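Novice: Below is one structure. I have some questions about it.
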Amino acid sequence: MPPLVTRLAAHRLFWPLALLAALLVTNVVYTPDFFSIQIRDGHLFGSLIDILRLGSPLLLVALGMTLVIAIGGIDLSVGAVVAISGAVACLNISDLADQHSAGGVVVAVLIALGVCIALGVWNGVLVAGIGMQPIIATLILMVAGRGVAQMITSGRIITVNSEPYHLIGGGYELGLPLSVLIAAAVLVLTGLVVRRTALGLLLESVGGNKEASRLVGIRARGLTIAVYAFCALCAAGAGLMISSNVAAADGNNAGLWIELDAILAVVIGGTSLTGGRFHLGGTAIGALVIQTLSTTVYTVGVPPETTLVFKALVVMAVCLLQSPAFRAKVLSRKAPRRPGTAGGARADATAQRPGAPRDHAPANDAQSPKEATAL
C-alpha cells in the first residue's frame, strides 16, 4: 500500500470511521433519501437525526464504561441500572397528583439518579474495598438488578403521561433532540475533566499498574469507587432517556444487553480492555457505529433471527482490521527475501556470537599461541 494509506490505516480511528462511512453508504443504496433532513415545526427530522437520538443512551453508557475499563475494570450491571433508573422515576411520577408538575418530575429524576449512584458505589466497594473481581462484582448486580427493577414495577409496565418527563428523551431544543444535546454535553464535560486536569492521567496510571499507583501515593480505592459511581450515573441518564421516550418503564426489557453494545463501542473506539490509555472520542464514534449498524440491519432487511449474528460479524471484522498484528499478517505484503539479508545475516550473527560452534575452520586461520609454542 502507498505510504500515506499505510499511515492512515494505522490510525486507531481509521477503521471505525471507514466502517461508519460504509454503513451510511449502504443505507443510501437502499434508501436514496437517507441523508435528507427536514425541518418540521422548527425541529430537525431525518434518518441521521434518528441515529443520533437513538444512539444517545448508548453513548452515555459507553462513556461511563470507558472510564471503568480505563482503570482495568468492567461493569456488566449498566443494563440493570438503566432499568432501575426508569422504574424508579416512572413509579414516583405515576404517584404524583399532577404528572405535569415540573417540580415533581425533577424530584423523581433526582431520586432515580441518587439510587443509581448508590448502586455504582456498591459496585465500587465490592471491587476496591473487598477486592472482588470486577466481572463477578458487577455480574451480581446485573442479575439481581433486573429483579430489583421488577420489584419496583411490581412485574408490570408502568406508564406515565408527563410532558416535562417526556422532554428528556423525546423533547427538542435548538432544533435538535434534547437527548442528543445532553449526551454531547456529558461527552464534552467528561473530556474536559479527564484531559484538562490530572484525573485522566490518574485513571490511566491505576489501569496500567495499580500497585505502582498505590506506591506513588495515588488513592486508587477512592478513585475506583468514584469511577463506578460515574458509570452508574451515566447508565441512569440513559435509563431516563429510554423510559421518557416511550413514556413507560419496563423492568424486564429496558436496557437489555446494552452493556454488551457499550463494551463493543469502547473497543471499536480503540480503548484496550486491559486498562490504561482510553479514548473518549473513539468511544463516541464506536457508539455511532453500533447504532448505525442497528439501523442498517432494518434498512437492508436482515432477517430478525440472524440480526445478532450479522452485528457480531461486522463488529468482529472491524476489530480485526484495527489489530496491527492482523494487518501485518493478512493485509501487508511480505518483503522479498534478498540473498545475504535473512539467512546470511543470521549465519553471520551466529558465527560472531561468543562461544558459537564452528563447523569448519578457515584454511588460513592464524595459529593459536599454544600451537605456535608446540611447533
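Ordering of the C-alpha cells sets the chain letters (A, B, ...); residue numbers start at 1 within each chain; ligands are numbered from 1 in the order shown.
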May I have the residues within 10 Å of A:Val289 as a VMD selection string, using only C-alpha atoms and disregarding those fewer than 6 positions away in the same chain?

Specialist: chain A and resid 16 to 21 23 to 24 51 55 264 to 265 268 to 269 283 295 315

Novice: Please tabulate, as a Markdown table, the residues of stretch 263-305 of chain A that come within 9 Å of stretch 180-195 of chain A, each with its closest pair of atoms and the distance in Å to one decimal, counting only C-alpha atoms and ordering rows by chain, then residue number upward.

Specialist:
```
| residue | atom | partner | partner_atom | distance |
| --- | --- | --- | --- | --- |
| A:Leu280 | CA | A:Gly191 | CA | 6.9 |
| A:Gly281 | CA | A:Leu187 | CA | 8.5 |
| A:Ala284 | CA | A:Leu187 | CA | 8.1 |
```

Novice: Could you please take those selected residues and save N, CA, C and O atoms as a compact mmCIF listing (two decimals), in the first residue's frame?

Specialist:
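Output file part.txt follows:
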```txt
# COMPACT_ATOMS: atom_id res chain seq x y z
N LEU A 280 -12.06 8.88 24.57
CA LEU A 280 -13.47 9.22 24.62
C LEU A 280 -14.02 9.51 23.23
O LEU A 280 -15.16 9.14 22.92
N GLY A 281 -13.24 10.18 22.39
CA GLY A 281 -13.69 10.45 21.03
C GLY A 281 -13.92 9.17 20.25
O GLY A 281 -14.90 9.04 19.50
N ALA A 284 -17.19 7.64 21.28
CA ALA A 284 -18.34 8.29 20.65
C ALA A 284 -18.56 7.76 19.24
O ALA A 284 -19.68 7.47 18.82
```

Novice: Using atom CA of A:Ile69 and atom CA of A:Leu139 as the two end points, give the distance in Å to one decimal.

Specialist: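 Interatomic distance, atom CA of A:Ile69 to atom CA of A:Leu139: 15.2 Å.
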
Novice: Please provide the set of residues having any atom within 12 Å of A:Ser56, restricted to only C-alpha atoms, with same-chain residues fewer than 2 positions apart removed, written as a JSON list (two decimals) with N, CA and C atoms, in the first residue's frame.

Specialist:
```json
[["chain", "number", "residue", "atom", "x", "y", "z"],
["A", 49, "ILE", "N", -30.72, 12.16, 12.07],
["A", 49, "ILE", "CA", -31.15, 12.67, 13.37],
["A", 49, "ILE", "C", -31.64, 11.52, 14.25],
["A", 50, "ASP", "N", -32.33, 10.56, 13.63],
["A", 50, "ASP", "CA", -32.81, 9.41, 14.40],
["A", 50, "ASP", "C", -31.64, 8.59, 14.95],
["A", 51, "ILE", "N", -30.57, 8.44, 14.15],
["A", 51, "ILE", "CA", -29.40, 7.71, 14.62],
["A", 51, "ILE", "C", -28.79, 8.40, 15.84],
["A", 52, "LEU", "N", -28.69, 9.72, 15.77],
["A", 52, "LEU", "CA", -28.14, 10.47, 16.90],
["A", 52, "LEU", "C", -29.05, 10.36, 18.12],
["A", 53, "ARG", "N", -30.36, 10.45, 17.91],
["A", 53, "ARG", "CA", -31.29, 10.40, 19.04],
["A", 53, "ARG", "C", -31.31, 9.02, 19.68],
["A", 54, "LEU", "N", -31.40, 7.98, 18.86],
["A", 54, "LEU", "CA", -31.45, 6.63, 19.41],
["A", 54, "LEU", "C", -30.11, 6.18, 19.97],
["A", 58, "LEU", "N", -26.92, 4.95, 24.39],
["A", 58, "LEU", "CA", -25.74, 4.09, 24.28],
["A", 58, "LEU", "C", -24.46, 4.88, 24.48],
["A", 59, "LEU", "N", -24.41, 6.11, 23.96],
["A", 59, "LEU", "CA", -23.23, 6.94, 24.13],
["A", 59, "LEU", "C", -22.99, 7.24, 25.60],
["A", 60, "LEU", "N", -24.04, 7.54, 26.34],
["A", 60, "LEU", "CA", -23.89, 7.81, 27.77],
["A", 60, "LEU", "C", -23.33, 6.60, 28.51],
["A", 61, "VAL", "N", -23.92, 5.43, 28.25],
["A", 61, "VAL", "CA", -23.46, 4.21, 28.91],
["A", 61, "VAL", "C", -22.01, 3.91, 28.52],
["A", 62, "ALA", "N", -21.67, 4.10, 27.25],
["A", 62, "ALA", "CA", -20.32, 3.81, 26.77],
["A", 62, "ALA", "C", -19.29, 4.76, 27.38],
["A", 63, "LEU", "N", -19.67, 6.01, 27.65],
["A", 63, "LEU", "CA", -18.74, 6.94, 28.29],
["A", 63, "LEU", "C", -18.36, 6.45, 29.69],
["A", 168, "ILE", "N", -37.10, 14.74, 28.29],
["A", 168, "ILE", "CA", -35.75, 14.19, 28.44],
["A", 168, "ILE", "C", -35.37, 13.34, 27.23],
["A", 169, "GLY", "N", -36.24, 12.45, 26.83],
["A", 169, "GLY", "CA", -35.92, 11.55, 25.72],
["A", 169, "GLY", "C", -36.59, 11.89, 24.42],
["A", 170, "GLY", "N", -37.67, 12.67, 24.46],
["A", 170, "GLY", "CA", -38.40, 12.97, 23.23],
["A", 170, "GLY", "C", -38.54, 14.44, 22.92],
["A", 177, "PRO", "N", -32.82, 17.00, 19.03],
["A", 177, "PRO", "CA", -33.36, 16.25, 20.18],
["A", 177, "PRO", "C", -32.60, 16.60, 21.45],
["A", 178, "LEU", "N", -33.34, 16.79, 22.53],
["A", 178, "LEU", "CA", -32.70, 17.16, 23.79],
["A", 178, "LEU", "C", -31.77, 16.07, 24.29],
["A", 179, "SER", "N", -32.09, 14.81, 23.99],
["A", 179, "SER", "CA", -31.23, 13.70, 24.42],
["A", 179, "SER", "C", -29.86, 13.79, 23.75],
["A", 180, "VAL", "N", -29.82, 14.24, 22.49],
["A", 180, "VAL", "CA", -28.55, 14.40, 21.79],
["A", 180, "VAL", "C", -27.72, 15.50, 22.44],
["A", 181, "LEU", "N", -28.37, 16.60, 22.80],
["A", 181, "LEU", "CA", -27.66, 17.70, 23.44],
["A", 181, "LEU", "C", -27.14, 17.29, 24.82],
["A", 182, "ILE", "N", -27.93, 16.50, 25.55],
["A", 182, "ILE", "CA", -27.48, 16.04, 26.87],
["A", 182, "ILE", "C", -26.26, 15.14, 26.73],
["A", 183, "ALA", "N", -26.34, 14.18, 25.80],
["A", 183, "ALA", "CA", -25.21, 13.26, 25.60],
["A", 183, "ALA", "C", -23.96, 14.00, 25.15],
["A", 184, "ALA", "N", -24.14, 14.98, 24.25],
["A", 184, "ALA", "CA", -23.00, 15.76, 23.77],
["A", 184, "ALA", "C", -22.39, 16.59, 24.90],
["A", 185, "ALA", "N", -23.24, 17.15, 25.75],
["A", 185, "ALA", "CA", -22.74, 17.95, 26.88],
["A", 185, "ALA", "C", -21.95, 17.07, 27.86],
["A", 186, "VAL", "N", -22.47, 15.87, 28.14],
["A", 186, "VAL", "CA", -21.75, 14.96, 29.05],
["A", 186, "VAL", "C", -20.42, 14.55, 28.44],
["A", 187, "LEU", "N", -20.41, 14.31, 27.13],
["A", 187, "LEU", "CA", -19.16, 13.94, 26.45],
["A", 187, "LEU", "C", -18.13, 15.06, 26.55],
["A", 234, "CYS", "N", -24.14, 7.61, 34.49],
["A", 234, "CYS", "CA", -24.37, 7.65, 33.04],
["A", 234, "CYS", "C", -25.45, 6.66, 32.63],
["A", 235, "ALA", "N", -25.43, 5.47, 33.22],
["A", 235, "ALA", "CA", -26.47, 4.48, 32.92],
["A", 235, "ALA", "C", -27.83, 4.97, 33.39],
["A", 237, "GLY", "N", -28.80, 8.10, 33.49],
["A", 237, "GLY", "CA", -29.24, 9.07, 32.48],
["A", 237, "GLY", "C", -29.80, 8.38, 31.25],
["A", 238, "ALA", "N", -29.15, 7.30, 30.83],
["A", 238, "ALA", "CA", -29.64, 6.55, 29.68],
["A", 238, "ALA", "C", -31.01, 5.94, 29.98],
["A", 239, "GLY", "N", -31.20, 5.45, 31.20],
["A", 239, "GLY", "CA", -32.49, 4.89, 31.58],
["A", 239, "GLY", "C", -33.59, 5.93, 31.55],
["A", 240, "LEU", "N", -33.29, 7.16, 31.98],
["A", 240, "LEU", "CA", -34.28, 8.23, 31.93],
["A", 240, "LEU", "C", -34.64, 8.57, 30.48],
["A", 241, "MET", "N", -33.63, 8.57, 29.59],
["A", 241, "MET", "CA", -33.90, 8.86, 28.19],
["A", 241, "MET", "C", -34.82, 7.80, 27.57],
["A", 242, "ILE", "N", -34.50, 6.54, 27.84],
["A", 242, "ILE", "CA", -35.26, 5.44, 27.23],
["A", 242, "ILE", "C", -36.69, 5.42, 27.74],
["A", 245, "ASN", "N", -38.77, 8.49, 26.59],
["A", 245, "ASN", "CA", -39.08, 8.48, 25.17],
["A", 245, "ASN", "C", -40.32, 7.64, 24.87],
["A", 262, "ALA", "N", -22.22, -1.34, 24.74],
["A", 262, "ALA", "CA", -21.31, -0.32, 25.28],
["A", 262, "ALA", "C", -19.86, -0.80, 25.26],
["A", 284, "ALA", "N", -17.19, 7.64, 21.28],
["A", 284, "ALA", "CA", -18.34, 8.29, 20.65],
["A", 284, "ALA", "C", -18.56, 7.76, 19.24],
["A", 285, "ILE", "N", -17.46, 7.60, 18.49],
["A", 285, "ILE", "CA", -17.57, 7.06, 17.14],
["A", 285, "ILE", "C", -18.04, 5.60, 17.19],
["A", 286, "GLY", "N", -17.53, 4.84, 18.16],
["A", 286, "GLY", "CA", -17.96, 3.46, 18.31],
["A", 286, "GLY", "C", -19.46, 3.34, 18.60],
["A", 287, "ALA", "N", -19.98, 4.25, 19.44],
["A", 287, "ALA", "CA", -21.41, 4.23, 19.73],
["A", 287, "ALA", "C", -22.22, 4.55, 18.47],
["A", 288, "LEU", "N", -21.75, 5.49, 17.67],
["A", 288, "LEU", "CA", -22.44, 5.80, 16.41],
["A", 288, "LEU", "C", -22.38, 4.62, 15.45],
["A", 290, "ILE", "N", -22.28, 1.41, 16.28],
["A", 290, "ILE", "CA", -23.21, 0.38, 16.76],
["A", 290, "ILE", "C", -24.65, 0.78, 16.42],
["A", 291, "GLN", "N", -25.02, 2.04, 16.64],
["A", 291, "GLN", "CA", -26.39, 2.46, 16.35],
["A", 291, "GLN", "C", -26.66, 2.47, 14.85],
["A", 292, "THR", "N", -25.68, 2.92, 14.06],
["A", 292, "THR", "CA", -25.86, 2.91, 12.60],
["A", 292, "THR", "C", -25.96, 1.48, 12.09]]
```

Novice: So how many Å separate atom CA of A:Glu259 and atom CA of A:Leu76, to one decimal?

Specialist: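 Interatomic distance here is 5.8 Å.
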